[in-house]
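> For reference, the file my_file.pdb (PDB, C-alpha atoms and all ligand atoms) is included below:
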```pdb
MODEL        1
ATOM      1  CA  MET A   1      89.170  96.632 161.557  1.00  0.00           C
ATOM      2  CA  PRO A   2      91.071  94.727 158.843  1.00  0.00           C
ATOM      3  CA  LYS A   3      89.971  91.178 158.159  1.00  0.00           C
ATOM      4  CA  ASN A   4      92.372  88.250 158.405  1.00  0.00           C
ATOM      5  CA  ASN A   5      94.661  87.496 155.477  1.00  0.00           C
ATOM      6  CA  THR A   6      94.824  91.114 154.291  1.00  0.00           C
ATOM      7  CA  HIS A   7      97.739  90.149 152.063  1.00  0.00           C
ATOM      8  CA  GLU A   8      96.044  87.242 150.276  1.00  0.00           C
ATOM      9  CA  ILE A   9      94.813  89.202 147.253  1.00  0.00           C
ATOM     10  CA  LEU A  10      97.988  91.282 147.098  1.00  0.00           C
ATOM     11  CA  HIS A  11      99.949  88.042 147.084  1.00  0.00           C
ATOM     12  CA  ALA A  12      97.992  86.761 144.042  1.00  0.00           C
ATOM     13  CA  ILE A  13      98.547  90.142 142.351  1.00  0.00           C
ATOM     14  CA  GLN A  14     102.294  89.861 142.992  1.00  0.00           C
ATOM     15  CA  GLU A  15     102.388  86.256 141.776  1.00  0.00           C
ATOM     16  CA  ARG A  16     100.442  86.847 138.551  1.00  0.00           C
ATOM     17  CA  ARG A  17     102.382  87.172 135.353  1.00  0.00           C
ATOM     18  CA  SER A  18     101.587  86.725 131.694  1.00  0.00           C
ATOM     19  CA  ALA A  19     102.621  83.497 129.977  1.00  0.00           C
ATOM     20  CA  ARG A  20     102.933  83.092 126.213  1.00  0.00           C
ATOM     21  CA  GLU A  21     104.261  79.520 126.240  1.00  0.00           C
ATOM     22  CA  PHE A  22     102.161  76.742 127.725  1.00  0.00           C
ATOM     23  CA  LEU A  23     102.827  73.143 128.762  1.00  0.00           C
ATOM     24  CA  ASP A  24     100.711  70.238 127.519  1.00  0.00           C
ATOM     25  CA  THR A  25      99.499  69.489 131.064  1.00  0.00           C
ATOM     26  CA  PRO A  26      95.673  69.524 131.083  1.00  0.00           C
ATOM     27  CA  VAL A  27      93.710  71.857 133.326  1.00  0.00           C
ATOM     28  CA  GLU A  28      90.811  70.907 135.585  1.00  0.00           C
ATOM     29  CA  MET A  29      87.447  72.163 134.280  1.00  0.00           C
ATOM     30  CA  ALA A  30      86.484  72.891 137.910  1.00  0.00           C
ATOM     31  CA  ALA A  31      89.356  75.416 138.057  1.00  0.00           C
ATOM     32  CA  VAL A  32      88.244  76.946 134.754  1.00  0.00           C
ATOM     33  CA  ARG A  33      84.730  77.239 136.142  1.00  0.00           C
ATOM     34  CA  ARG A  34      86.041  79.169 139.155  1.00  0.00           C
ATOM     35  CA  ILE A  35      87.943  81.473 136.779  1.00  0.00           C
ATOM     36  CA  VAL A  36      84.722  82.162 134.864  1.00  0.00           C
ATOM     37  CA  GLU A  37      82.943  82.630 138.196  1.00  0.00           C
ATOM     38  CA  ALA A  38      85.503  85.308 139.132  1.00  0.00           C
ATOM     39  CA  GLY A  39      84.573  87.135 135.917  1.00  0.00           C
ATOM     40  CA  ARG A  40      80.845  86.677 136.413  1.00  0.00           C
ATOM     41  CA  LEU A  41      80.976  88.249 139.875  1.00  0.00           C
ATOM     42  CA  ALA A  42      82.880  91.374 138.783  1.00  0.00           C
ATOM     43  CA  ALA A  43      81.636  94.908 139.348  1.00  0.00           C
ATOM     44  CA  SER A  44      80.128  96.543 136.265  1.00  0.00           C
ATOM     45  CA  GLY A  45      78.665  99.928 135.306  1.00  0.00           C
ATOM     46  CA  ALA A  46      74.990 100.016 136.394  1.00  0.00           C
ATOM     47  CA  ASN A  47      75.411  96.285 137.110  1.00  0.00           C
ATOM     48  CA  ARG A  48      74.770  95.583 133.427  1.00  0.00           C
ATOM     49  CA  GLN A  49      77.275  92.679 133.351  1.00  0.00           C
ATOM     50  CA  PRO A  50      77.914  93.357 129.659  1.00  0.00           C
ATOM     51  CA  TRP A  51      80.045  90.250 129.065  1.00  0.00           C
ATOM     52  CA  HIS A  52      79.910  86.771 127.678  1.00  0.00           C
ATOM     53  CA  PHE A  53      82.680  84.227 128.132  1.00  0.00           C
ATOM     54  CA  VAL A  54      83.181  81.418 125.596  1.00  0.00           C
ATOM     55  CA  VAL A  55      85.329  78.636 127.047  1.00  0.00           C
ATOM     56  CA  ALA A  56      86.960  76.650 124.243  1.00  0.00           C
ATOM     57  CA  ASP A  57      88.746  73.364 124.864  1.00  0.00           C
ATOM     58  CA  ASP A  58      87.946  71.811 121.469  1.00  0.00           C
ATOM     59  CA  PRO A  59      91.231  71.695 119.474  1.00  0.00           C
ATOM     60  CA  VAL A  60      89.446  72.472 116.192  1.00  0.00           C
ATOM     61  CA  ILE A  61      87.797  75.584 117.621  1.00  0.00           C
ATOM     62  CA  LYS A  62      91.093  76.736 119.175  1.00  0.00           C
ATOM     63  CA  ARG A  63      92.852  76.228 115.818  1.00  0.00           C
ATOM     64  CA  ASN A  64      90.153  78.296 114.068  1.00  0.00           C
ATOM     65  CA  LEU A  65      90.482  81.087 116.612  1.00  0.00           C
ATOM     66  CA  ARG A  66      94.255  81.077 116.236  1.00  0.00           C
ATOM     67  CA  SER A  67      94.053  81.192 112.484  1.00  0.00           C
ATOM     68  CA  ILE A  68      91.559  84.121 112.475  1.00  0.00           C
ATOM     69  CA  CYS A  69      93.688  86.052 114.978  1.00  0.00           C
ATOM     70  CA  GLU A  70      96.914  85.422 113.063  1.00  0.00           C
ATOM     71  CA  ALA A  71      95.352  86.571 109.779  1.00  0.00           C
ATOM     72  CA  ALA A  72      94.195  89.791 111.486  1.00  0.00           C
ATOM     73  CA  GLU A  73      97.650  90.242 113.061  1.00  0.00           C
ATOM     74  CA  ARG A  74      99.377  89.769 109.702  1.00  0.00           C
ATOM     75  CA  SER A  75      97.325  92.485 108.055  1.00  0.00           C
ATOM     76  CA  TYR A  76      97.917  94.751 111.084  1.00  0.00           C
ATOM     77  CA  TYR A  77     101.690  94.167 110.938  1.00  0.00           C
ATOM     78  CA  GLU A  78     101.794  94.842 107.198  1.00  0.00           C
ATOM     79  CA  LYS A  79     100.251  98.270 107.762  1.00  0.00           C
ATOM     80  CA  ALA A  80     102.223  99.090 110.921  1.00  0.00           C
ATOM     81  CA  PRO A  81     104.850 101.845 110.614  1.00  0.00           C
ATOM     82  CA  GLU A  82     108.411 100.636 110.050  1.00  0.00           C
ATOM     83  CA  GLU A  83     109.486 101.942 113.457  1.00  0.00           C
ATOM     84  CA  LEU A  84     106.792  99.905 115.213  1.00  0.00           C
ATOM     85  CA  ARG A  85     107.690  96.770 113.239  1.00  0.00           C
ATOM     86  CA  GLU A  86     111.306  97.162 114.337  1.00  0.00           C
ATOM     87  CA  TRP A  87     110.145  97.430 117.944  1.00  0.00           C
ATOM     88  CA  PHE A  88     108.089  94.240 117.526  1.00  0.00           C
ATOM     89  CA  ALA A  89     111.124  92.459 116.064  1.00  0.00           C
ATOM     90  CA  ASP A  90     113.349  93.635 118.961  1.00  0.00           C
ATOM     91  CA  HIS A  91     110.802  92.228 121.426  1.00  0.00           C
ATOM     92  CA  SER A  92     110.292  88.921 119.573  1.00  0.00           C
ATOM     93  CA  ILE A  93     106.675  89.860 118.837  1.00  0.00           C
ATOM     94  CA  SER A  94     105.305  88.495 115.578  1.00  0.00           C
ATOM     95  CA  PRO A  95     101.889  87.737 114.066  1.00  0.00           C
ATOM     96  CA  SER A  96     102.372  84.102 115.099  1.00  0.00           C
ATOM     97  CA  LYS A  97     100.321  83.276 118.223  1.00  0.00           C
ATOM     98  CA  PRO A  98     100.891  79.570 119.001  1.00  0.00           C
ATOM     99  CA  PHE A  99      99.693  79.997 122.595  1.00  0.00           C
ATOM    100  CA  LEU A 100      96.126  80.300 121.283  1.00  0.00           C
ATOM    101  CA  GLU A 101      96.268  76.655 120.237  1.00  0.00           C
ATOM    102  CA  ARG A 102      98.760  75.296 122.743  1.00  0.00           C
ATOM    103  CA  ALA A 103      96.957  76.386 125.915  1.00  0.00           C
ATOM    104  CA  PRO A 104      94.478  73.642 126.893  1.00  0.00           C
ATOM    105  CA  VAL A 105      91.692  76.196 127.373  1.00  0.00           C
ATOM    106  CA  LEU A 106      91.007  79.460 125.611  1.00  0.00           C
ATOM    107  CA  ILE A 107      88.455  81.862 127.055  1.00  0.00           C
ATOM    108  CA  THR A 108      87.223  84.464 124.588  1.00  0.00           C
ATOM    109  CA  VAL A 109      85.801  87.423 126.460  1.00  0.00           C
ATOM    110  CA  PHE A 110      83.058  89.286 124.616  1.00  0.00           C
ATOM    111  CA  PHE A 111      81.287  92.465 125.681  1.00  0.00           C
ATOM    112  CA  ASP A 112      78.334  94.537 124.533  1.00  0.00           C
ATOM    113  CA  PRO A 113      79.863  97.900 123.531  1.00  0.00           C
ATOM    114  CA  HIS A 114      76.470  99.641 123.890  1.00  0.00           C
ATOM    115  CA  ALA A 115      76.235  98.942 127.629  1.00  0.00           C
ATOM    116  CA  PRO A 116      77.245 101.795 129.951  1.00  0.00           C
ATOM    117  CA  TYR A 117      80.925 101.727 130.937  1.00  0.00           C
ATOM    118  CA  ALA A 118      81.252  98.522 128.921  1.00  0.00           C
ATOM    119  CA  ILE A 119      85.034  98.584 128.415  1.00  0.00           C
ATOM    120  CA  PRO A 120      86.091  99.306 132.021  1.00  0.00           C
ATOM    121  CA  SER A 121      83.511  96.778 133.223  1.00  0.00           C
ATOM    122  CA  VAL A 122      84.730  93.943 131.034  1.00  0.00           C
ATOM    123  CA  TRP A 123      88.344  94.656 131.993  1.00  0.00           C
ATOM    124  CA  ILE A 124      87.456  94.411 135.685  1.00  0.00           C
ATOM    125  CA  ALA A 125      86.021  90.964 134.883  1.00  0.00           C
ATOM    126  CA  ILE A 126      89.230  90.059 133.015  1.00  0.00           C
ATOM    127  CA  ALA A 127      91.403  91.224 135.932  1.00  0.00           C
ATOM    128  CA  ASN A 128      89.361  89.036 138.305  1.00  0.00           C
ATOM    129  CA  MET A 129      89.812  86.054 135.986  1.00  0.00           C
ATOM    130  CA  LEU A 130      93.577  86.566 135.682  1.00  0.00           C
ATOM    131  CA  LEU A 131      93.897  86.645 139.473  1.00  0.00           C
ATOM    132  CA  GLN A 132      91.745  83.551 139.961  1.00  0.00           C
ATOM    133  CA  ALA A 133      93.900  81.745 137.380  1.00  0.00           C
ATOM    134  CA  THR A 134      96.955  82.640 139.502  1.00  0.00           C
ATOM    135  CA  GLN A 135      95.174  81.400 142.613  1.00  0.00           C
ATOM    136  CA  GLU A 136      94.562  78.081 140.791  1.00  0.00           C
ATOM    137  CA  GLY A 137      98.297  77.757 140.053  1.00  0.00           C
ATOM    138  CA  LEU A 138      97.608  78.473 136.372  1.00  0.00           C
ATOM    139  CA  TYR A 139      98.854  81.097 133.926  1.00  0.00           C
ATOM    140  CA  SER A 140      97.117  83.288 131.396  1.00  0.00           C
ATOM    141  CA  LEU A 141      97.586  86.369 129.252  1.00  0.00           C
ATOM    142  CA  PRO A 142      95.162  89.109 128.251  1.00  0.00           C
ATOM    143  CA  TYR A 143      95.715  88.833 124.507  1.00  0.00           C
ATOM    144  CA  THR A 144      93.985  91.607 122.552  1.00  0.00           C
ATOM    145  CA  PRO A 145      93.779  90.644 118.877  1.00  0.00           C
ATOM    146  CA  SER A 146      93.805  93.403 116.278  1.00  0.00           C
ATOM    147  CA  SER A 147      90.188  93.655 115.105  1.00  0.00           C
ATOM    148  CA  ALA A 148      89.695  89.903 114.607  1.00  0.00           C
ATOM    149  CA  GLN A 149      86.110  88.773 113.909  1.00  0.00           C
ATOM    150  CA  LEU A 150      85.702  85.869 116.329  1.00  0.00           C
ATOM    151  CA  GLY A 151      81.961  86.010 116.992  1.00  0.00           C
ATOM    152  CA  PRO A 152      80.783  84.033 113.927  1.00  0.00           C
ATOM    153  CA  VAL A 153      83.029  80.992 114.515  1.00  0.00           C
ATOM    154  CA  LEU A 154      81.727  80.787 118.096  1.00  0.00           C
ATOM    155  CA  GLY A 155      78.089  81.517 117.249  1.00  0.00           C
ATOM    156  CA  VAL A 156      78.156  84.726 119.296  1.00  0.00           C
ATOM    157  CA  PRO A 157      75.477  87.351 118.407  1.00  0.00           C
ATOM    158  CA  THR A 158      76.791  90.258 116.349  1.00  0.00           C
ATOM    159  CA  LYS A 159      76.037  92.832 119.082  1.00  0.00           C
ATOM    160  CA  TYR A 160      79.113  91.581 120.988  1.00  0.00           C
ATOM    161  CA  SER A 161      82.739  92.706 120.475  1.00  0.00           C
ATOM    162  CA  VAL A 162      85.883  90.878 121.573  1.00  0.00           C
ATOM    163  CA  ALA A 163      87.742  92.341 124.564  1.00  0.00           C
ATOM    164  CA  ALA A 164      90.460  89.698 124.916  1.00  0.00           C
ATOM    165  CA  LEU A 165      91.369  86.053 124.598  1.00  0.00           C
ATOM    166  CA  LEU A 166      92.652  84.399 127.745  1.00  0.00           C
ATOM    167  CA  PRO A 167      94.713  81.261 127.155  1.00  0.00           C
ATOM    168  CA  ILE A 168      94.612  79.232 130.382  1.00  0.00           C
ATOM    169  CA  GLY A 169      97.127  76.568 131.264  1.00  0.00           C
ATOM    170  CA  HIS A 170     100.229  75.457 133.087  1.00  0.00           C
ATOM    171  CA  ALA A 171     103.518  77.117 132.191  1.00  0.00           C
ATOM    172  CA  ASN A 172     107.085  77.470 133.300  1.00  0.00           C
ATOM    173  CA  ARG A 173     107.150  80.546 135.472  1.00  0.00           C
ATOM    174  CA  PRO A 174     107.811  83.600 133.276  1.00  0.00           C
ATOM    175  CA  ALA A 175     110.129  86.367 134.466  1.00  0.00           C
ATOM    176  CA  ARG A 176     108.522  89.195 136.405  1.00  0.00           C
ATOM    177  CA  GLN A 177     108.080  92.342 134.336  1.00  0.00           C
ATOM    178  CA  PRO A 178     109.280  95.526 136.060  1.00  0.00           C
ATOM    179  CA  ARG A 179     106.906  97.997 137.698  1.00  0.00           C
ATOM    180  CA  HIS A 180     107.365 101.666 138.599  1.00  0.00           C
ATOM    181  CA  PRO A 181     108.016 102.239 142.324  1.00  0.00           C
ATOM    182  CA  ILE A 182     105.111 103.409 144.496  1.00  0.00           C
ATOM    183  CA  SER A 183     106.858 106.773 144.958  1.00  0.00           C
ATOM    184  CA  GLN A 184     106.473 107.352 141.216  1.00  0.00           C
ATOM    185  CA  VAL A 185     102.877 106.283 140.800  1.00  0.00           C
ATOM    186  CA  ALA A 186     101.155 107.445 144.012  1.00  0.00           C
ATOM    187  CA  SER A 187     100.939 110.710 145.977  1.00  0.00           C
ATOM    188  CA  ARG A 188      99.544 111.806 149.328  1.00  0.00           C
ATOM    189  CA  ASN A 189      96.887 114.529 149.005  1.00  0.00           C
ATOM    190  CA  ARG A 190      98.755 116.347 146.242  1.00  0.00           C
ATOM    191  CA  PHE A 191     100.603 115.140 143.166  1.00  0.00           C
ATOM    192  CA  GLU A 192     104.015 116.414 144.296  1.00  0.00           C
ATOM    193  CA  VAL A 193     103.869 114.789 147.760  1.00  0.00           C
ATOM    194  CA  PRO A 194     105.040 111.173 147.523  1.00  0.00           C
ATOM    195  CA  PHE A 195     102.603 108.744 149.137  1.00  0.00           C
ATOM    196  CA  ASP A 196     105.244 107.103 151.336  1.00  0.00           C
ATOM    197  CA  GLU A 197     106.624 110.378 152.709  1.00  0.00           C
ATOM    198  CA  GLY A 198     103.309 112.073 153.560  1.00  0.00           C
TER     199      GLY A 198
HETATM  200  C1  LIG A 201      94.891  95.781 128.046  1.00  0.00           C
HETATM  201  C2  LIG A 201      96.031  94.813 127.811  1.00  0.00           C
HETATM  202  C3  LIG A 201      96.254  94.345 126.536  1.00  0.00           C
HETATM  203  C4  LIG A 201      97.290  93.421 126.304  1.00  0.00           C
HETATM  204  N1  LIG A 201      97.439  92.895 125.040  1.00  0.00           N
HETATM  205  C5  LIG A 201      98.414  91.989 124.836  1.00  0.00           C
HETATM  206  C6  LIG A 201      98.559  91.379 123.553  1.00  0.00           C
HETATM  207  O1  LIG A 201      97.778  91.624 122.634  1.00  0.00           O
HETATM  208  N2  LIG A 201      99.568  90.500 123.365  1.00  0.00           N
HETATM  209  C7  LIG A 201     100.430  90.164 124.376  1.00  0.00           C
HETATM  210  O2  LIG A 201     101.323  89.350 124.153  1.00  0.00           O
HETATM  211  N3  LIG A 201     100.306  90.703 125.611  1.00  0.00           N
HETATM  212  C8  LIG A 201      99.318  91.596 125.866  1.00  0.00           C
HETATM  213  N4  LIG A 201      99.156  92.127 127.123  1.00  0.00           N
HETATM  214  C9  LIG A 201     100.046  91.692 128.231  1.00  0.00           C
HETATM  215  C10 LIG A 201     101.058  92.759 128.622  1.00  0.00           C
HETATM  216  O3  LIG A 201     102.078  92.846 127.643  1.00  0.00           O
HETATM  217  C11 LIG A 201     101.623  92.400 130.011  1.00  0.00           C
HETATM  218  O4  LIG A 201     100.587  92.416 130.961  1.00  0.00           O
HETATM  219  C12 LIG A 201     102.727  93.360 130.456  1.00  0.00           C
HETATM  220  O5  LIG A 201     103.851  93.275 129.622  1.00  0.00           O
HETATM  221  C13 LIG A 201     103.171  93.106 131.916  1.00  0.00           C
HETATM  222  O6  LIG A 201     103.584  91.765 132.071  1.00  0.00           O
HETATM  223  P1  LIG A 201     102.892  90.807 133.148  1.00  0.00           P
HETATM  224  O7  LIG A 201     101.441  90.630 132.737  1.00  0.00           O
HETATM  225  O8  LIG A 201     103.646  89.506 133.087  1.00  0.00           O
HETATM  226  O9  LIG A 201     102.987  91.462 134.496  1.00  0.00           O
HETATM  227  C14 LIG A 201      98.129  93.024 127.379  1.00  0.00           C
HETATM  228  C15 LIG A 201      97.878  93.512 128.671  1.00  0.00           C
HETATM  229  C16 LIG A 201      96.833  94.374 128.882  1.00  0.00           C
HETATM  230  C17 LIG A 201      96.540  94.833 130.307  1.00  0.00           C
ENDMDL
END
```
With the file now loaded, output its structure as structure tokens.

Amino acid sequence: MPKNNTHEILHAIQERRSAREFLDTPVEMAAVRRIVEAGRLAASGANRQPWHFVVADDPVIKRNLRSICEAAERSYYEKAPEELREWFADHSISPSKPFLERAPVLITVFFDPHAPYAIPSVWIAIANMLLQATQEGLYSLPYTPSSAQLGPVLGVPTKYSVAALLPIGHANRPARQPRHPISQVASRNRFEVPFDEG
């Protein structure tokens, strides 16, 4: 028997969208704590919970993180094929990442790559956090820097790798990005039988 409010989580999933421009409005640390809690409670391979979340609200630390990420992005862009650089330019994507400094809070999500199923596990934690941010009326973005070394500046042991940085803050509502229809992405029993027509 379905529980009440079966649409509550789906509603948060529909509402969530990535923001890359943030307002100066501060965020409540209690809300940030619930976002971290949503990550902490995630499912993980063999329940190893291979993550560590560093919550940064110190402007100097955020500026350092931004500057390390931008340096890594610049060297990535320089080596990127011409075709890819054109695509970045067409989509207004550049090595500049002001949201890393502008968002009042920046959560750097680390994971231990030697743990079983480490990558899918940490991304389940990130998905939980993105949804809790939506539930708090906040915005975020799973930003995945190109091989930036962020551990040392945050005092994180070398066994950890960075999965993503999550800027957290208030934002003007970004446009919804399109999704494939359910008929294209789901089937009933067999690939060629659309889910909705089974
Ligand atoms: C694994 C993953 C990595 C991503 N990395 C970046 C990134 O490095 N920079 C960025 O601006 N957006 C990044 N995104 C955000 C996607 O571009 C975004 O989720 C997608 O365009 C759909 O938009 P929406 O989140 O608003 O629905 C990433 C998303 C995922 C799931």
> For the PyMOL selection byres (((chain A and resi 165) around 7) and not hetatm), applied here, can you spell out every residue it catches as an MDAnalysis selection string?
chainID A and resid 106:109 142:144 164 166:167
> Name the residues that the PyMOL selection byres (((not hetatm)) within 8 of (chain A and resi 201)) pulls out of this structure, and write them as a list in words.
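Those residues are Arg16, Arg17, Ser18, Ala19, Arg20, Ile93, Trp123, Leu141, Pro142, Tyr143, Thr144, Pro145, Ser146, Ala164, Pro174, Ala175, Arg176, Gln177 and Pro178 of chain A.
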> Give as an NGL selection string every residue, naming chains and numbers as the document does, that has an atom within 10 Å of (98.3, 80.3, 138.8), counting only C-alpha atoms.
:A and (12 or 15-17 or 130-140 or 168-171 or 173)
> Quick one: of A:Ile9, A:Leu150, A:Val105, A:Ala89, who's nearest to Pro26 of chain A, counting all atoms listed in the file?
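For Pro26 of chain A, the nearest of the candidates is A:Val105.
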> Could you work out how far atom CA of Phe111 of chain A lies from atom CA of Val162 of chain A, giving the answer in Å with one decimal?
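Atom-to-atom, atom CA of Val162 of chain A and atom CA of Phe111 of chain A are spaced 6.4 Å apart.
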> Could you tell me how far atom CA of Pro104 of chain A lies from atom CA of Val60 of chain A, in Å and to one decimal?
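Computing it gives 11.9 Å between the two atoms.
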> Nearest residue to Ile119 of chain A out of A:Arg85, A:Arg40, A:Arg48, A:Arg33, using only C-alpha atoms?
A:Arg48
> Please compute the atom CA of Ser147 of chain A-atom CA of Ala72 of chain A distance, one decimal, in Å.
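Value for the atom CA of Ser147 of chain A-atom CA of Ala72 of chain A distance: 6.6 Å.
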> Here is a test: counting all atoms listed in the file, which residue of A:Ala103, A:Ile13, A:Ala163, A:Ala30 is nearest to Gln149 of chain A?
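Of A:Ala103, A:Ile13, A:Ala163, A:Ala30, the one nearest Gln149 of chain A is A:Ala163, counting all atoms listed in the file.
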> Taking 5 positions as the minimum chain separation for residues in the same chain, which residues sit within 9 Å of Arg66 of chain A when counting all atoms listed in the file? Answer as a PDB file with C-alpha atoms, in the coordinates of the input.

```pdb
ATOM      1  CA  ILE A  61      87.797  75.584 117.621  1.00  0.00           C
ATOM      2  CA  ALA A  71      95.352  86.571 109.779  1.00  0.00           C
ATOM      3  CA  SER A  96     102.372  84.102 115.099  1.00  0.00           C
ATOM      4  CA  LYS A  97     100.321  83.276 118.223  1.00  0.00           C
ATOM      5  CA  PRO A  98     100.891  79.570 119.001  1.00  0.00           C
ATOM      6  CA  PHE A  99      99.693  79.997 122.595  1.00  0.00           C
ATOM      7  CA  LEU A 100      96.126  80.300 121.283  1.00  0.00           C
ATOM      8  CA  GLU A 101      96.268  76.655 120.237  1.00  0.00           C
TER       9      GLU A 101
END
```
> From the list A:Leu65, A:Ala80, A:Ala125, A:Leu154, which residue is nearest Ser44 of chain A when using all atoms listed in the file?
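Under the stated criterion, the closest residue is A:Ala125.
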> Taking into account all atoms listed in the file, which residue in the set A:Arg74, A:His180, A:His114, A:His52 is nearest to Ile126 of chain A?
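Comparing A:Arg74, A:His180, A:His114, A:His52 against Ile126 of chain A, the winner is A:His52.
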> Show me, as number ranges by chain, the residues that have an atom within 8 Å of Arg102 of chain A when counting all atoms listed in the file, minus same-chain residues fewer than 6 positions from it.
A: 21-24
> Could you write out as a list in words the residues that the PyMOL selection byres (((chain A and resi 121) around 8) and not hetatm) matches in the shown file?
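Given this file, the PyMOL selection byres (((chain A and resi 121) around 8) and not hetatm) evaluates to Ala42, Ala43, Ser44, Gly45, Gln49, Pro50, Tyr117, Ala118, Ile119, Pro120, Val122, Trp123, Ile124 and Ala125 of chain A.
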> Keeping only C-alpha atoms, write the selected residues as a PDB file, in the frame of the given file.

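Done, and the output landed in again-v9.pdb:
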```
ATOM      1  CA  ALA A  42      82.880  91.374 138.783  1.00  0.00           C
ATOM      2  CA  ALA A  43      81.636  94.908 139.348  1.00  0.00           C
ATOM      3  CA  SER A  44      80.128  96.543 136.265  1.00  0.00           C
ATOM      4  CA  GLY A  45      78.665  99.928 135.306  1.00  0.00           C
ATOM      5  CA  GLN A  49      77.275  92.679 133.351  1.00  0.00           C
ATOM      6  CA  PRO A  50      77.914  93.357 129.659  1.00  0.00           C
ATOM      7  CA  TYR A 117      80.925 101.727 130.937  1.00  0.00           C
ATOM      8  CA  ALA A 118      81.252  98.522 128.921  1.00  0.00           C
ATOM      9  CA  ILE A 119      85.034  98.584 128.415  1.00  0.00           C
ATOM     10  CA  PRO A 120      86.091  99.306 132.021  1.00  0.00           C
ATOM     11  CA  VAL A 122      84.730  93.943 131.034  1.00  0.00           C
ATOM     12  CA  TRP A 123      88.344  94.656 131.993  1.00  0.00           C
ATOM     13  CA  ILE A 124      87.456  94.411 135.685  1.00  0.00           C
ATOM     14  CA  ALA A 125      86.021  90.964 134.883  1.00  0.00           C
TER      15      ALA A 125
END
```
